[in-house]
Amino acid sequence: MTGNIVRVRKSGDGQLRQLVRVGHNSFYADESVAVGGDDGGPNPHDLLDAALATCTAMTITMVARRKQWPLDDVRVEIAHEENDSTYRMLRKVELVGPLNEEQKQYLLGIANKCPIHRALHKKFEIETALGPVREA
């Protein structure tokens with residue numbers, strides 16, 4: 001396996017709040033009060049949507065910098081809906097800066113090349129095993 005290992009454990013406080021550690025970074029995830037949590041962090045669906053949004057913004061920013069285009073900011077909004085067979089994400093991208101139309105269209109196309117976008121279009125395989133997990 002490549003990449004950082006994500007470790008999760010119950011937080012010391014809260015009903016469902018989880019302490020998430022990724023490398024040397026940490027944050028909390030939780031559920032809303034309506035489903036038994038304390039609303040002390042993003043829920044798992046929010047984290048999935050945030051992964052796509054942040055990857056999109058970072059990928060577009062890196063490409064614009066490499067091309068030395070006048071991009072001041074990338075703002076991304078993700079909404080989702082799901083049913084038994086489909087998880088549908090609507091991604092809106094705002095490019096801030098004096099870009100021409102050709103540059104904007106090029107960068108919009110780059111959104112589909114971000115690693116998370118590409119990963120979400122692959123077949124996922126998840127193996128689950130019991131075993132000791134290092135502290136989060």
# chains A, B, ... in the order shown; residues from 1 in each chain; ligands from 1

call {"tool": "residues_around", "arguments": {"residues": "stretch 5-14 of chain A", "least_positions_apart": "5", "cutoff": "12 Å", "atoms": "only C-alpha atoms", "output": "JSON, numbers by chain"}}
result
{"A": [19, 20, 21, 22, 23, 24, 25, 26, 27, 28, 29, 30, 31, 32, 33, 36, 37, 38, 39, 40, 41, 44, 132, 133, 134, 135, 136]}

call {"tool": "select_by_dssp", "arguments": {"residues": "stretch 84-134 of chain A", "states": "strand (DSSP E or B)", "output": "MDAnalysis selection string"}}
result
chainID A and resid 87:96

call {"tool": "write_last_selection", "arguments": {"atoms": "C-alpha atoms", "output": "short mmCIF file (atom, residue, chain, number, x, y, z; two decimals), in the first residue's frame"}}
result
data_model
loop_
_atom_site.label_atom_id
_atom_site.label_comp_id
_atom_site.auth_asym_id
_atom_site.auth_seq_id
_atom_site.Cartn_x
_atom_site.Cartn_y
_atom_site.Cartn_z
CA TYR A 87 -23.56 8.49 -5.39
CA ARG A 88 -23.90 11.62 -7.53
CA MET A 89 -21.63 14.60 -6.88
CA LEU A 90 -22.22 18.05 -8.36
CA ARG A 91 -18.96 19.99 -8.47
CA LYS A 92 -18.94 23.74 -9.13
CA VAL A 93 -15.60 25.41 -9.81
CA GLU A 94 -14.97 29.14 -9.63
CA LEU A 95 -11.70 30.42 -11.10
CA VAL A 96 -10.72 33.79 -9.64
#

call {"tool": "closest_residue", "arguments": {"among": "A:Leu107, A:Ala50, A:Ala79, A:Ala34", "to": "A:Arg65", "atoms": "only C-alpha atoms"}}
result
A:Leu107

call {"tool": "select_by_dssp", "arguments": {"residues": "stretch 24-120 of chain A", "states": "helix (DSSP H, G or I)", "output": "ChimeraX atom specification"}}
result
/A:33-35,44-67,101-113,115-120

call {"tool": "closest_residue", "arguments": {"among": "A:Gly97, A:Leu47, A:Pro42, A:Asn83", "to": "A:Ala64", "atoms": "only C-alpha atoms"}}
result
A:Gly97

call {"tool": "residues_around", "arguments": {"residues": "A:Leu120", "least_positions_apart": "6", "cutoff": "12 Å", "atoms": "only C-alpha atoms", "output": "list of chain:residue names"}}
result
A:Leu48, A:Asp49, A:Ala51, A:Leu52, A:Cys55, A:Tyr87, A:Arg88, A:Met89, A:Asn112, A:Lys113, A:Cys114

call {"tool": "atom_distance", "arguments": {"atom1": "atom CA of A:Val76", "atom2": "atom CA of A:Gln105"}}
result
15.3 Å

call {"tool": "atom_distance", "arguments": {"atom1": "atom CA of A:Leu99", "atom2": "atom CA of A:Pro70"}}
result
6.1 Å
